[in-house]
Every structure is written in structure tokens, then in C-alpha cells.
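J.: Pasting start32.txt below, which is compact mmCIF, C-alpha atoms and all ligand atoms.
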# COMPACT_ATOMS: atom_id res chain seq x y z
CA GLU A 1 -15.95 -11.30 -14.33
CA ASP A 2 -14.86 -10.27 -17.76
CA LEU A 3 -11.22 -11.11 -18.32
CA ASP A 4 -10.79 -9.27 -21.59
CA LEU A 5 -9.25 -5.84 -21.83
CA GLY A 6 -12.56 -4.07 -22.24
CA GLY A 7 -11.06 -1.39 -24.46
CA HIS A 8 -8.04 -0.71 -22.25
CA PRO A 9 -4.55 -0.94 -23.77
CA HIS A 10 -3.20 -3.07 -20.91
CA TYR A 11 -4.52 -5.07 -17.97
CA MET A 12 -2.67 -2.73 -15.66
CA ALA A 13 -4.59 0.24 -17.08
CA LYS A 14 -7.85 -1.66 -16.76
CA GLU A 15 -7.13 -2.70 -13.19
CA ILE A 16 -6.16 0.84 -12.17
CA GLN A 17 -9.47 2.11 -13.56
CA GLU A 18 -11.45 -0.62 -11.79
CA GLN A 19 -10.41 0.61 -8.35
CA PRO A 20 -13.49 2.67 -7.45
CA GLU A 21 -15.68 -0.42 -7.96
CA SER A 22 -13.26 -2.89 -6.39
CA VAL A 23 -13.04 -0.75 -3.25
CA GLU A 24 -16.86 -0.70 -3.15
CA ARG A 25 -16.73 -4.50 -3.13
CA ILE A 26 -14.39 -4.90 -0.17
CA ILE A 27 -16.40 -2.54 2.01
CA ARG A 28 -19.85 -3.79 1.02
CA GLY A 29 -21.75 -5.12 4.04
CA ARG A 30 -18.75 -4.62 6.35
CA LEU A 31 -19.37 -1.12 7.76
CA ASP A 32 -21.62 -0.97 10.81
CA ASP A 33 -22.83 2.59 11.44
CA ARG A 34 -24.70 1.74 14.62
CA PHE A 35 -21.50 0.96 16.49
CA GLY A 36 -18.86 2.68 14.33
CA VAL A 37 -17.15 -0.63 13.67
CA ALA A 38 -16.25 -3.00 10.83
CA ARG A 39 -18.02 -6.37 10.72
CA LEU A 40 -15.47 -8.99 9.75
CA ASP A 41 -17.20 -12.29 10.48
CA GLY A 42 -14.68 -14.19 8.35
CA LEU A 43 -11.91 -13.47 10.86
CA ASN A 44 -13.55 -16.04 13.17
CA LEU A 45 -12.48 -13.99 16.19
CA THR A 46 -14.81 -13.00 19.03
CA PRO A 47 -14.55 -9.49 20.53
CA ARG A 48 -12.92 -11.10 23.56
CA GLU A 49 -10.29 -12.78 21.36
CA LEU A 50 -9.72 -9.55 19.43
CA ARG A 51 -9.15 -7.75 22.70
CA GLY A 52 -6.65 -10.36 23.85
CA PHE A 53 -4.00 -9.62 21.23
CA ALA A 54 -1.01 -7.63 22.47
CA ARG A 55 0.68 -7.28 19.09
CA VAL A 56 0.10 -7.60 15.36
CA LYS A 57 2.61 -9.01 12.88
CA ILE A 58 1.91 -8.71 9.17
CA LEU A 59 3.63 -10.94 6.61
CA GLY A 60 3.70 -10.59 2.85
CA CYS A 61 6.08 -10.37 -0.10
CA GLY A 62 6.85 -7.57 -2.54
CA SER A 63 4.11 -5.01 -2.79
CA ALA A 64 1.98 -6.96 -0.31
CA TYR A 65 4.77 -6.45 2.24
CA TYR A 66 4.83 -2.70 1.60
CA VAL A 67 1.06 -2.46 1.96
CA GLY A 68 1.50 -4.50 5.12
CA GLN A 69 3.62 -1.62 6.41
CA ILE A 70 0.80 0.78 5.59
CA GLY A 71 -1.51 -1.57 7.49
CA ALA A 72 0.77 -1.76 10.52
CA THR A 73 0.79 2.02 10.80
CA MET A 74 -3.02 2.14 10.56
CA ILE A 75 -3.38 -0.52 13.25
CA GLU A 76 -0.98 1.29 15.57
CA GLU A 77 -2.76 4.60 15.02
CA LEU A 78 -6.35 3.39 15.27
CA ALA A 79 -6.06 0.47 17.68
CA ARG A 80 -2.90 1.52 19.56
CA ILE A 81 -1.50 -2.02 19.38
CA PRO A 82 2.18 -2.45 18.47
CA ALA A 83 2.17 -3.65 14.86
CA ASP A 84 4.78 -4.23 12.22
CA ALA A 85 5.20 -5.84 8.83
CA GLU A 86 7.94 -8.18 7.75
CA ALA A 87 8.95 -9.78 4.45
CA ALA A 88 7.46 -13.28 4.60
CA SER A 89 10.42 -14.55 2.57
CA GLU A 90 12.77 -13.84 5.50
CA PHE A 91 10.48 -14.77 8.36
CA ARG A 92 10.95 -18.49 8.78
CA TYR A 93 14.69 -18.32 8.19
CA ARG A 94 15.34 -16.34 11.34
CA ASN A 95 13.65 -18.81 13.68
CA PRO A 96 10.96 -16.27 14.57
CA ILE A 97 9.55 -16.09 18.07
CA ILE A 98 5.89 -17.01 17.75
CA GLU A 99 3.71 -15.54 20.49
CA ALA A 100 0.26 -16.72 21.50
CA ASP A 101 -0.95 -13.15 22.05
CA THR A 102 0.16 -11.88 18.63
CA LEU A 103 -2.31 -11.67 15.78
CA TYR A 104 -0.49 -12.75 12.61
CA ILE A 105 -1.89 -11.50 9.32
CA ALA A 106 -0.75 -13.04 6.03
CA VAL A 107 -1.37 -10.73 3.08
CA SER A 108 -1.39 -11.95 -0.51
CA GLN A 109 -3.19 -11.20 -3.74
CA SER A 110 -2.79 -14.66 -5.26
CA GLY A 111 -2.85 -16.64 -2.03
CA GLU A 112 -0.19 -18.84 -3.67
CA THR A 113 3.11 -17.07 -2.92
CA ILE A 114 5.21 -19.85 -1.45
CA ASP A 115 7.22 -17.64 0.89
CA THR A 116 4.03 -16.33 2.48
CA ALA A 117 2.48 -19.82 2.62
CA PHE A 118 5.59 -21.15 4.42
CA ALA A 119 5.43 -18.29 6.92
CA VAL A 120 1.83 -19.28 7.67
CA GLU A 121 2.88 -22.90 8.24
CA GLU A 122 5.69 -21.80 10.56
CA ILE A 123 3.28 -19.72 12.64
CA LYS A 124 0.76 -22.54 12.87
CA ARG A 125 3.37 -25.15 13.76
CA LYS A 126 4.49 -23.02 16.68
CA GLY A 127 0.99 -22.35 17.94
CA GLY A 128 0.37 -18.82 16.60
CA ARG A 129 -2.98 -17.46 15.42
CA VAL A 130 -2.91 -16.43 11.75
CA VAL A 131 -5.58 -14.85 9.59
CA GLY A 132 -5.40 -13.98 5.89
CA LEU A 133 -5.98 -10.86 3.85
CA VAL A 134 -6.20 -12.58 0.49
CA ASN A 135 -7.79 -11.93 -2.89
CA VAL A 136 -8.17 -15.36 -4.46
CA VAL A 137 -10.96 -17.31 -2.77
CA GLY A 138 -10.03 -20.86 -1.80
CA SER A 139 -6.30 -20.31 -2.52
CA THR A 140 -3.57 -22.10 -0.56
CA ILE A 141 -2.99 -19.26 1.92
CA ALA A 142 -6.70 -18.55 2.35
CA ARG A 143 -7.29 -22.21 3.20
CA ALA A 144 -4.30 -22.47 5.52
CA CYS A 145 -5.38 -19.49 7.63
CA GLU A 146 -7.90 -19.88 10.44
CA GLY A 147 -9.98 -16.99 9.19
CA GLY A 148 -9.59 -13.89 7.13
CA VAL A 149 -10.88 -11.03 5.08
CA TYR A 150 -11.27 -11.58 1.36
CA LEU A 151 -10.27 -8.60 -0.77
CA HIS A 152 -12.94 -9.03 -3.46
CA ALA A 153 -10.76 -7.07 -5.88
CA GLY A 154 -11.71 -9.38 -8.75
CA PRO A 155 -9.17 -11.13 -10.99
CA GLU A 156 -5.87 -9.29 -11.36
CA ILE A 157 -3.83 -10.14 -14.47
CA ALA A 158 -1.07 -7.52 -14.68
CA VAL A 159 2.09 -8.57 -12.82
CA ALA A 160 2.29 -5.13 -11.22
CA SER A 161 -0.47 -5.21 -8.65
CA THR A 162 -2.77 -2.20 -8.29
CA LYS A 163 -6.39 -2.83 -7.37
CA ALA A 164 -5.52 -5.75 -5.08
CA LEU A 165 -3.04 -3.55 -3.20
CA THR A 166 -5.58 -0.79 -2.74
CA ASN A 167 -8.05 -3.32 -1.37
CA MET A 168 -5.36 -4.68 0.96
CA ALA A 169 -4.88 -1.17 2.35
CA VAL A 170 -8.65 -0.76 2.78
CA GLY A 171 -8.79 -4.24 4.34
CA PHE A 172 -6.21 -3.15 6.90
CA ALA A 173 -8.34 -0.09 7.68
CA LEU A 174 -11.26 -2.45 8.38
CA ILE A 175 -9.12 -4.68 10.60
CA ALA A 176 -7.74 -1.61 12.42
CA LEU A 177 -11.33 -0.50 13.07
CA ALA A 178 -12.29 -3.92 14.40
CA LEU A 179 -9.25 -4.03 16.69
CA GLY A 180 -9.65 -0.38 17.72
CA ARG A 181 -13.31 -0.57 18.68
CA VAL A 182 -12.72 -3.30 21.25
CA ARG A 183 -10.07 -1.03 22.77
CA ASP A 184 -9.84 2.75 23.08
CA LEU A 185 -11.16 3.88 19.70
CA SER A 186 -14.36 5.81 20.41
CA ASN A 187 -17.64 5.27 18.63
CA ALA A 188 -17.27 8.78 17.14
CA ASP A 189 -13.76 8.08 15.88
CA GLY A 190 -14.93 4.76 14.47
CA GLN A 191 -17.69 6.61 12.64
CA ARG A 192 -15.20 9.22 11.40
CA ILE A 193 -13.16 6.41 9.80
CA ILE A 194 -16.25 4.68 8.41
CA ASP A 195 -17.41 7.90 6.73
CA ALA A 196 -13.92 8.36 5.28
CA ILE A 197 -13.79 4.77 4.00
CA ARG A 198 -17.15 5.26 2.27
CA ALA A 199 -15.83 8.33 0.49
CA LEU A 200 -12.76 6.53 -0.91
CA PRO A 201 -14.23 5.20 -4.19
CA GLY A 202 -15.34 8.69 -5.26
CA GLN A 203 -11.98 10.16 -4.25
CA ILE A 204 -10.11 7.48 -6.20
CA LYS A 205 -12.20 8.32 -9.22
CA SER A 206 -11.20 11.96 -8.95
CA ILE A 207 -7.49 10.96 -8.88
CA LEU A 208 -7.97 8.85 -12.01
CA ASP A 209 -9.44 11.91 -13.74
CA PHE A 210 -5.99 13.51 -13.46
CA GLU A 211 -4.36 10.75 -15.49
CA PRO A 212 -3.38 13.03 -18.42
CA GLU A 213 -1.45 15.35 -16.07
CA ILE A 214 0.23 12.44 -14.30
CA ALA A 215 1.23 11.06 -17.72
CA GLU A 216 3.04 14.34 -18.42
CA HIS A 217 4.96 14.10 -15.14
CA ALA A 218 5.80 10.49 -16.01
CA LYS A 219 7.51 11.59 -19.24
CA THR A 220 9.81 13.82 -17.22
CA VAL A 221 10.72 11.24 -14.59
CA ALA A 222 11.15 8.47 -17.19
CA ALA A 223 14.04 10.47 -18.62
CA ALA A 224 16.08 9.93 -15.44
CA LYS A 225 18.29 6.86 -15.08
CA SER A 226 17.73 6.70 -11.36
CA LEU A 227 15.40 8.34 -8.85
CA PHE A 228 14.49 8.57 -5.20
CA PHE A 229 11.06 8.09 -3.71
CA VAL A 230 10.84 9.57 -0.24
CA GLY A 231 8.25 9.80 2.50
CA ARG A 232 8.09 9.54 6.24
CA VAL A 233 5.96 7.65 8.77
CA ARG A 234 2.65 7.14 6.90
CA GLY A 235 4.30 8.28 3.68
CA TYR A 236 7.30 5.96 3.82
CA PRO A 237 5.57 2.72 2.76
CA VAL A 238 3.83 4.78 0.08
CA ALA A 239 7.28 5.75 -1.21
CA ARG A 240 8.48 2.14 -1.01
CA GLU A 241 5.53 0.90 -3.02
CA GLY A 242 5.94 3.77 -5.50
CA ALA A 243 9.59 2.83 -6.05
CA GLN A 244 8.73 -0.85 -6.34
CA LYS A 245 6.15 -0.25 -9.04
CA PHE A 246 8.55 2.00 -10.90
CA LYS A 247 11.34 -0.60 -10.83
CA GLU A 248 9.05 -3.45 -11.83
CA ILE A 249 7.75 -1.99 -15.06
CA SER A 250 9.99 0.90 -16.10
CA TYR A 251 13.30 -0.89 -15.31
CA ARG A 252 14.60 2.33 -13.85
CA HIS A 253 16.55 2.30 -10.64
CA ALA A 254 14.23 3.73 -8.01
CA GLU A 255 15.19 3.81 -4.38
CA ALA A 256 12.84 4.49 -1.50
CA TYR A 257 14.09 6.32 1.54
CA GLN A 258 12.70 7.89 4.65
CA THR A 259 12.73 11.62 3.97
CA SER A 260 14.23 12.13 7.41
CA GLU A 261 17.17 9.82 6.59
CA LEU A 262 18.20 11.58 3.38
CA LYS A 263 20.48 13.92 5.30
CA HIS A 264 22.20 10.95 6.92
CA GLY A 265 23.74 9.73 3.69
CA PRO A 266 21.93 9.66 0.37
CA LEU A 267 21.72 13.44 0.09
CA ALA A 268 25.29 13.07 -1.22
CA LEU A 269 23.83 11.54 -4.39
CA ILE A 270 21.47 14.40 -5.17
CA ASP A 271 22.29 16.45 -8.26
CA GLU A 272 20.62 17.60 -11.48
CA GLU A 273 20.55 14.03 -12.77
CA LEU A 274 18.75 12.42 -9.84
CA PRO A 275 15.14 13.51 -9.33
CA THR A 276 13.07 12.76 -6.24
CA VAL A 277 9.41 11.91 -5.93
CA ALA A 278 8.45 13.23 -2.51
CA VAL A 279 5.31 12.22 -0.61
CA VAL A 280 4.26 15.37 1.25
CA PRO A 281 0.84 14.97 2.87
CA ARG A 282 -0.88 17.76 4.76
CA ASP A 283 -0.37 16.46 8.27
CA GLU A 284 1.74 17.02 11.37
CA LEU A 285 4.95 16.41 9.38
CA THR A 286 4.34 18.80 6.48
CA GLU A 287 6.81 21.44 7.62
CA ARG A 288 9.57 18.89 8.14
CA ASN A 289 8.88 17.34 4.74
CA LEU A 290 9.03 20.78 3.12
CA ALA A 291 12.38 21.45 4.78
CA ALA A 292 13.73 18.24 3.20
CA VAL A 293 12.35 19.24 -0.21
CA GLN A 294 14.14 22.54 0.20
CA GLN A 295 17.43 20.71 0.94
CA ILE A 296 17.04 18.61 -2.21
CA LYS A 297 16.27 21.67 -4.33
CA ALA A 298 19.25 23.52 -2.86
CA ARG A 299 21.50 20.75 -4.21
CA GLY A 300 20.07 21.02 -7.69
CA GLY A 301 17.75 18.01 -7.44
CA ALA A 302 14.38 18.10 -9.19
CA VAL A 303 11.38 17.21 -7.02
CA LEU A 304 7.91 15.98 -7.96
CA ALA A 305 5.58 16.16 -4.97
CA VAL A 306 2.62 13.92 -4.28
CA THR A 307 0.71 16.11 -1.92
CA HIS A 308 -2.57 17.63 -0.72
CA GLU A 309 -4.35 20.89 -1.36
CA GLY A 310 -3.16 23.50 1.13
CA VAL A 311 0.49 22.44 1.35
CA ASP A 312 2.43 25.62 0.66
CA PHE A 313 5.58 25.01 -1.38
CA GLY A 314 6.21 28.76 -1.55
CA GLU A 315 9.00 29.64 -3.94
CA LEU A 316 10.34 26.09 -4.21
CA GLY A 317 9.03 25.66 -7.74
CA VAL A 318 7.93 22.07 -7.30
CA PRO A 319 5.54 20.38 -9.75
CA ARG A 320 2.77 18.66 -7.84
CA ILE A 321 0.28 15.85 -8.06
CA VAL A 322 -2.53 16.86 -5.70
CA VAL A 323 -4.44 14.01 -4.08
CA PRO A 324 -7.76 14.45 -2.24
CA LYS A 325 -7.47 14.53 1.54
CA THR A 326 -9.05 11.84 3.64
CA GLU A 327 -8.67 11.24 7.38
CA PRO A 328 -4.93 11.28 8.18
CA GLU A 329 -4.83 7.57 9.08
CA LEU A 330 -6.18 6.69 5.63
CA ASP A 331 -4.09 9.11 3.55
CA PRO A 332 -1.68 6.38 2.37
CA ILE A 333 -4.51 4.63 0.51
CA LEU A 334 -5.03 7.62 -1.78
CA LEU A 335 -1.40 8.78 -1.96
CA THR A 336 -0.46 5.45 -3.54
CA ILE A 337 -2.85 5.73 -6.49
CA PRO A 338 -1.03 8.41 -8.54
CA LEU A 339 2.22 6.46 -8.15
CA GLN A 340 0.59 3.55 -10.00
CA LEU A 341 -0.21 5.89 -12.87
CA LEU A 342 3.26 7.43 -12.74
CA ALA A 343 4.90 4.00 -13.12
CA TYR A 344 2.43 2.94 -15.80
CA HIS A 345 3.00 6.02 -17.95
CA ALA A 346 6.77 5.93 -17.45
CA ALA A 347 6.80 2.35 -18.73
CA LEU A 348 4.51 3.34 -21.59
CA THR A 349 6.84 6.19 -22.56
CA LEU A 350 9.82 3.85 -22.46
CA GLY A 351 7.98 1.23 -24.51
CA TYR A 352 8.25 -1.73 -22.15
CA ASP A 353 5.98 -4.74 -21.75
CA ILE A 354 3.76 -3.34 -19.05
CA ASP A 355 1.66 -6.38 -18.16
CA LYS A 356 4.53 -8.89 -18.26
CA PRO A 357 7.74 -7.27 -17.09
CA ARG A 358 10.95 -9.22 -17.68
CA ASN A 359 12.19 -11.58 -14.95
CA LEU A 360 8.99 -11.35 -12.90
CA ALA A 361 6.03 -13.64 -12.32
CA LYS A 362 2.59 -12.69 -11.10
CA SER A 363 2.85 -15.17 -8.34
CA VAL A 364 6.04 -16.85 -7.21
CA THR A 365 5.17 -20.42 -6.26
CA VAL A 366 8.69 -21.81 -5.93
CA GLU A 367 11.36 -20.69 -3.51
C1 LIG B 1 5.44 -11.42 -6.92
C2 LIG B 1 4.93 -10.27 -7.77
C3 LIG B 1 4.71 -9.01 -6.92
C4 LIG B 1 3.80 -9.35 -5.74
C5 LIG B 1 4.37 -10.50 -4.91
C6 LIG B 1 3.38 -11.00 -3.85
O1 LIG B 1 6.76 -11.19 -6.56
O2 LIG B 1 5.81 -9.99 -8.83
O3 LIG B 1 4.13 -8.00 -7.69
O4 LIG B 1 3.63 -8.20 -4.94
O5 LIG B 1 4.66 -11.61 -5.73
O6 LIG B 1 2.29 -11.60 -4.47
P1 LIG B 1 0.98 -11.99 -3.71
O7 LIG B 1 0.14 -12.76 -4.68
O8 LIG B 1 1.39 -12.85 -2.54
O9 LIG B 1 0.33 -10.73 -3.24
Show me the file's structure as C-alpha cells.

T.:
Amino acid sequence: EDLDLGGHPHYMAKEIQEQPESVERIIRGRLDDRFGVARLDGLNLTPRELRGFARVKILGCGSAYYVGQIGATMIEELARIPADAEAASEFRYRNPIIEADTLYIAVSQSGETIDTAFAVEEIKRKGGRVVGLVNVVGSTIARACEGGVYLHAGPEIAVASTKALTNMAVGFALIALALGRVRDLSNADGQRIIDAIRALPGQIKSILDFEPEIAEHAKTVAAAKSLFFVGRVRGYPVAREGAQKFKEISYRHAEAYQTSELKHGPLALIDEELPTVAVVPRDELTERNLAAVQQIKARGGAVLAVTHEGVDFGELGVPRIVVPKTEPELDPILLTIPLQLLAYHAALTLGYDIDKPRNLAKSVTVE
């Protein structure tokens, strides 16, 4: 693969634009229309073994951890298995209980993050079953795991991860399908998700076409010293990742919160100086999300919504980034994309070193 910038001003810009093709690569050969299932031979797990897991625990660091949270929600929704994500950097320090009927998933772009690698060792030492969701083939974590799903995102150079994260989220959708179809997920529902996965590259492309508009929004938010990113349930890890990206490259304080928790404390901070980026998908929580947006606006706070067509903001006067709708379980994959562009253009406006932000490394290989 070509490692030069190919006409893009930064690697981050290049990697954002590569996403339609990199998503094509992770799904290629893995969608089985006959049975509405994902074929993940690399997991090295038989259908019987897949059926035997009672829980899923996802481990990763930084953005990989936040995407792990997106993945946990997908697995719970599609496979109805209790699933959660945890920061790998904390895991082995709390003497974790390793269970034989838990499927552990280590998620890492580089496959070299030491905190994640140590979590894998801890799981193996105590007899747990761990698979990887890793980009770099043959990396430390990929080799340490007993099986896995390679992301096939291609080389990622920018410290702020974009295309690898999107492929992680798609990879979790594939794993959720595989786990769901040996349980209660119907053939028809499996096919519904497969069709939606196939449509993702085209939908991502249509989001990227809105880059000039998102760049305008970025100029506005870059002017704030501090901002909130809020979402709930499926939207909450989207907000966390959005805030993370913003912090990493624009050096602005960005705090992620569950929209539902705003009223339990941080609403006190809202004023004209503190804008909020609100994730408001068209789903069963839209009305509740809109009520929270209304509360923010009533306190003088500016809101930028990342939302879907058909969400009625009425008289709230909220600027919007409209993302194409997919199946509800997969919405987080697409809702995350404009937040990459928002962070990128904010950093560009502020004139920072986008590909190599201060104090950060692409992969942290020491504790
Ligand atoms: C570093 C990077 C983050 C990244 C994290 C995990 O802290 O600065 O952007 O999300 O490592 O990296 P990995 O290679 O394990 O996905």
C-alpha cells in the first residue's frame, strides 16, 4: 500500500477518505447470504463453542476502548449476550475474575499497545479464551490471541485513529452476527444486518461529501475553550470517541457525558460559553434526547446535533450534521464519521500538528 500522502494535506485526511474502501476490505468474503451470518474462520471457534459463551468482555485502550463499548452494545443487541468493554490499562490491576465461559476480545489497531497485550497475558494465564480484533497482521497481540478477526484497514499513520476504528466497529458487527446466529437472531434479522453492512461504504462516502459543511461547523466549535459531547445508549460511546478525537488534536477540553446524566450535575456548567455536540439518532430515544437539547438551549448553551433525517428539532434552532440512517444497531458506525471530520477541521482551524499531536504516540509500547 502506498504510504505517501497521495495529494492529501495530512495522513488523517487521507485515512478518513480511505474509509469506504477499507470497510469494503473488512467485509470482503465474510458475509454469508445463504444463512444470514458472518463467516469468521480466523476466530477458530466452532458454532458449539460460540454458543457456549455466557458473556463477552472487550478490552482496549483509548479510542479502541470506546469502539469496544460500541461493540459491546451491538453484541448485546444482536446476540443478547451480556457484554461490556473495559480499559485494558486498568484490567490486570484489579485482579480480574477470569471466567471460562466468557469470550474475551482484545481490540487494537497496532497490536502493540502494552496495556492491551498485558491484559491478554493475564486472561491466558488464568485460563480465559481470548481472540483479537487487530489491524496489524502478525503483531504481538494478534500472535498472542488464539484467533481473531483482522481489520484489513491498511496502514494507519496519523496518531488520531479513524479508518481502523471504523473497521473495529464493523468487525464487532460481524462478531455480533456470528454470536447472534447461533442463538436467537433469526435468519431474516441476520440478513437485515448483512444488507445494512454492505451499504455502509456508500453511506460513508455520502458523509464525506459533506466535509465542507462540517468544516464550517468546526470553525464555530473550535472557538470554544471547552465543550460537551453527549449521547445515550448507542450514542454514548459515539460521544466519548468524538470528545477523545477532539481533545487529541485540537487540544480543547472536551467532555463526554450521557445525555441523561446532564441534569444530574453538569447542566450547572452550561452557558453561552460552553457548547454541546449532541448525538441525536432517529430511534426509540429521540424524544428524550430532544428534551435534553431543549434543556441545554434553555440555559443559553449552543448545540450542534449529529442526527438523522426526520428528527424534528422544531423551533430549537439547532445546526445539524445529518448522517444517513442504517439499521439501528449499526447507527454508531456512521454517527462517528462526522466527528472525525469535526475534530480534524477544528485542529486545522487552530493550526495544530494534526498527524502528530503533542504528548501522544501512535502506539504506546511502554507502561
Ligand atoms: C494510543 C493512541 C490512541 C489509540 C490507543 C490504542 O494511546 O494515541 O489513539 O487509540 O493508543 O492503540 P491501539 O493500537 O491499541 O489501537

J.: Using all atoms listed in the file, which residue out of A:Leu360, A:Val136, A:Leu185, A:Ala72 lies closest to ligand LIG 1 (chain B)?

T.: A:Leu360

J.: Chain A near ligand LIG 1 (chain B) within 8 Å: what's each residue's closest atom pair and its distance in Å to one decimal, counting only C-alpha atoms and all ligand atoms, ordered by chain then ascending residue number, as CSV?

T.:
residue,atom,partner,partner_atom,distance
A:Gly60,CA,B:LIG1,O8,6.3
A:Cys61,CA,B:LIG1,C6,4.7
A:Gly62,CA,B:LIG1,O4,4.1
A:Ser63,CA,B:LIG1,O4,3.9
A:Ala64,CA,B:LIG1,O9,5.1
A:Tyr65,CA,B:LIG1,O4,7.5
A:Val107,CA,B:LIG1,O9,6.5
A:Ser108,CA,B:LIG1,O9,3.4
A:Gln109,CA,B:LIG1,O9,3.6
A:Ser110,CA,B:LIG1,O7,3.5
A:Gly111,CA,B:LIG1,O7,5.6
A:Glu112,CA,B:LIG1,O7,6.2
A:Thr113,CA,B:LIG1,O8,4.6
A:Thr116,CA,B:LIG1,O8,6.7
A:Val134,CA,B:LIG1,O9,7.7
A:Val159,CA,B:LIG1,O3,5.6
A:Ala160,CA,B:LIG1,O3,4.9
A:Ser161,CA,B:LIG1,O3,5.5
A:Ala164,CA,B:LIG1,O9,7.9
A:Leu165,CA,B:LIG1,O9,7.9
A:Glu248,CA,B:LIG1,O3,7.9
A:Leu360,CA,B:LIG1,O2,5.3
A:Ala361,CA,B:LIG1,O2,5.1
A:Lys362,CA,B:LIG1,C2,4.7
A:Ser363,CA,B:LIG1,O5,4.8
A:Val364,CA,B:LIG1,C1,5.5

J.: I need the residue nearest Leu103 of chain A from this list: A:Leu227, A:Glu315, A:Ser139, A:Cys145. Use all atoms listed in the file for the distance.

T.: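 Closest to Leu103 of chain A, using all atoms listed in the file: A:Cys145.
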
J.: Closest to Gly351 of chain A among A:Ala222, A:Leu304, A:Ala88, A:Ala100, using all atoms listed in the file?

T.: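 With all atoms listed in the file as the atom set, the closest residue is A:Ala222.
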
J.: Considering all atoms listed in the file, state which residue in the set A:Gly190, A:Gly317, A:Pro275, A:Pro332 is at the smallest distance from Val221 of chain A.

T.: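 When distances to Val221 of chain A are compared using all atoms listed in the file, the smallest one comes from A:Pro275.
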
J.: Env of segment 56-58 of chain A: 7 Å cut, atoms = only C-alpha atoms, seq-sep filter 6 positions within chain, self excluded. Answer as a short mmCIF file (atom, residue, chain, number, x, y, z; two decimals) with C-alpha atoms, in the coordinates of the input.

T.:
data_model
loop_
_atom_site.label_atom_id
_atom_site.label_comp_id
_atom_site.auth_asym_id
_atom_site.auth_seq_id
_atom_site.Cartn_x
_atom_site.Cartn_y
_atom_site.Cartn_z
CA GLY A 68 1.50 -4.50 5.12
CA PRO A 82 2.18 -2.45 18.47
CA ALA A 83 2.17 -3.65 14.86
CA ASP A 84 4.78 -4.23 12.22
CA ALA A 85 5.20 -5.84 8.83
CA GLU A 86 7.94 -8.18 7.75
CA THR A 102 0.16 -11.88 18.63
CA LEU A 103 -2.31 -11.67 15.78
CA TYR A 104 -0.49 -12.75 12.61
CA ILE A 105 -1.89 -11.50 9.32
CA ALA A 106 -0.75 -13.04 6.03
#

J.: What's around segment 310-312 of chain A at 12 Å? Count all atoms listed in the file, leave out sequence neighbours fewer than 2 positions away in its own chain, and write the answer as a VMD selection string.

T.: chain A and resid 279 to 291 293 305 to 308 314 to 318 320 to 325

J.: Pick the closest to Ala196 of chain A from A:Gly147, A:Pro328, A:Gly29, A:Gly242: which is it, counting all atoms listed in the file?

T.: A:Pro328

J.: Between atom CA of Ala254 of chain A and atom CA of Tyr66 of chain A, what is the distance in Å, rounded to a tenth?

T.: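 Computing the Euclidean distance for atom CA of Ala254 of chain A and atom CA of Tyr66 of chain A yields 14.9 Å.
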
J.: Which residue gives the smallest distance to Glu156 of chain A among A:Phe246, A:Leu43, A:Asn135, A:Ala188, with only C-alpha atoms counted?

T.: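 Result for the nearest residue to Glu156 of chain A: A:Asn135.
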
J.: For atom CA of Ala346 of chain A and atom CA of Tyr236 of chain A, determine how far apart the two atoms are, in Å to one decimal place.

T.: 21.3 Å

J.: Can you tell me how far atom CA of Gly300 of chain A sits from atom CA of Asp271 of chain A, in Å to one decimal?

T.: 5.1 Å

J.: Using the file's own x, y and z axes, what box holds all listed atoms of segment 313-324 of chain A with 8 Å on each side, keeping edges along x, y and z, and what are its centre and edge lengths in Å to one decimal, as JSON?

T.:
{"center_x": 1.3, "center_y": 21.8, "center_z": -5.6, "size_x": 34.1, "size_y": 31.6, "size_z": 24.4}

J.: Produce a table with one row for each residue of segment 138-197 of chain A that has an atom at most 10 Å from any atom of segment 13-24 of chain A, each row naming the nearest atom pair and its distance in Å at one decimal; use only C-alpha atoms; arrange rows by chain and rising residue number; format as a tab-separated table.

T.:
residue	atom	partner	partner_atom	distance
A:Leu151	CA	A:Ser22	CA	8.6
A:His152	CA	A:Ser22	CA	6.8
A:Ala153	CA	A:Ser22	CA	4.9
A:Gly154	CA	A:Ser22	CA	7.1
A:Pro155	CA	A:Glu15	CA	8.9
A:Glu156	CA	A:Glu15	CA	7.0
A:Ile157	CA	A:Glu15	CA	8.2
A:Ala158	CA	A:Glu15	CA	7.9
A:Ala160	CA	A:Glu15	CA	9.9
A:Ser161	CA	A:Glu15	CA	8.4
A:Thr162	CA	A:Ile16	CA	6.0
A:Lys163	CA	A:Gln19	CA	5.4
A:Ala164	CA	A:Ser22	CA	8.4
A:Leu165	CA	A:Gln19	CA	9.9
A:Thr166	CA	A:Val23	CA	7.5
A:Asn167	CA	A:Val23	CA	5.9
A:Met168	CA	A:Val23	CA	9.6
A:Ala169	CA	A:Val23	CA	9.9
A:Val170	CA	A:Val23	CA	7.5
A:Gly171	CA	A:Val23	CA	9.4
A:Ile197	CA	A:Val23	CA	9.1

J.: Just to be explicit: take each residue in the selection above, keep C-alpha atoms, and write the result as a PDB file, in the coordinates of the input.

T.:
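Saved to selection.pdb:
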ATOM      1  CA  LEU A 151     -10.270  -8.600  -0.770  1.00  0.00           C
ATOM      2  CA  HIS A 152     -12.940  -9.030  -3.460  1.00  0.00           C
ATOM      3  CA  ALA A 153     -10.760  -7.070  -5.880  1.00  0.00           C
ATOM      4  CA  GLY A 154     -11.710  -9.380  -8.750  1.00  0.00           C
ATOM      5  CA  PRO A 155      -9.170 -11.130 -10.990  1.00  0.00           C
ATOM      6  CA  GLU A 156      -5.870  -9.290 -11.360  1.00  0.00           C
ATOM      7  CA  ILE A 157      -3.830 -10.140 -14.470  1.00  0.00           C
ATOM      8  CA  ALA A 158      -1.070  -7.520 -14.680  1.00  0.00           C
ATOM      9  CA  ALA A 160       2.290  -5.130 -11.220  1.00  0.00           C
ATOM     10  CA  SER A 161      -0.470  -5.210  -8.650  1.00  0.00           C
ATOM     11  CA  THR A 162      -2.770  -2.200  -8.290  1.00  0.00           C
ATOM     12  CA  LYS A 163      -6.390  -2.830  -7.370  1.00  0.00           C
ATOM     13  CA  ALA A 164      -5.520  -5.750  -5.080  1.00  0.00           C
ATOM     14  CA  LEU A 165      -3.040  -3.550  -3.200  1.00  0.00           C
ATOM     15  CA  THR A 166      -5.580  -0.790  -2.740  1.00  0.00           C
ATOM     16  CA  ASN A 167      -8.050  -3.320  -1.370  1.00  0.00           C
ATOM     17  CA  MET A 168      -5.360  -4.680   0.960  1.00  0.00           C
ATOM     18  CA  ALA A 169      -4.880  -1.170   2.350  1.00  0.00           C
ATOM     19  CA  VAL A 170      -8.650  -0.760   2.780  1.00  0.00           C
ATOM     20  CA  GLY A 171      -8.790  -4.240   4.340  1.00  0.00           C
ATOM     21  CA  ILE A 197     -13.790   4.770   4.000  1.00  0.00           C
TER      22      ILE A 197
END

J.: List as a ChimeraX atom specification the protein and nucleic acid residues near segment 50-52 of chain A, meaning an atom at most 10 Å away when all atoms listed in the file are counted, but skip any in the same chain fewer than 4 places from it.

T.: /A:43-46,100-103,178-183

J.: For Tyr257 of chain A, list every protein, DNA or RNA residue within 9 Å, evaluated using all atoms listed in the file, and leave out those in the same chain fewer than 5 positions away; present the list as a ChimeraX atom specification.

T.: /A:228-232,236,239-240,262,266
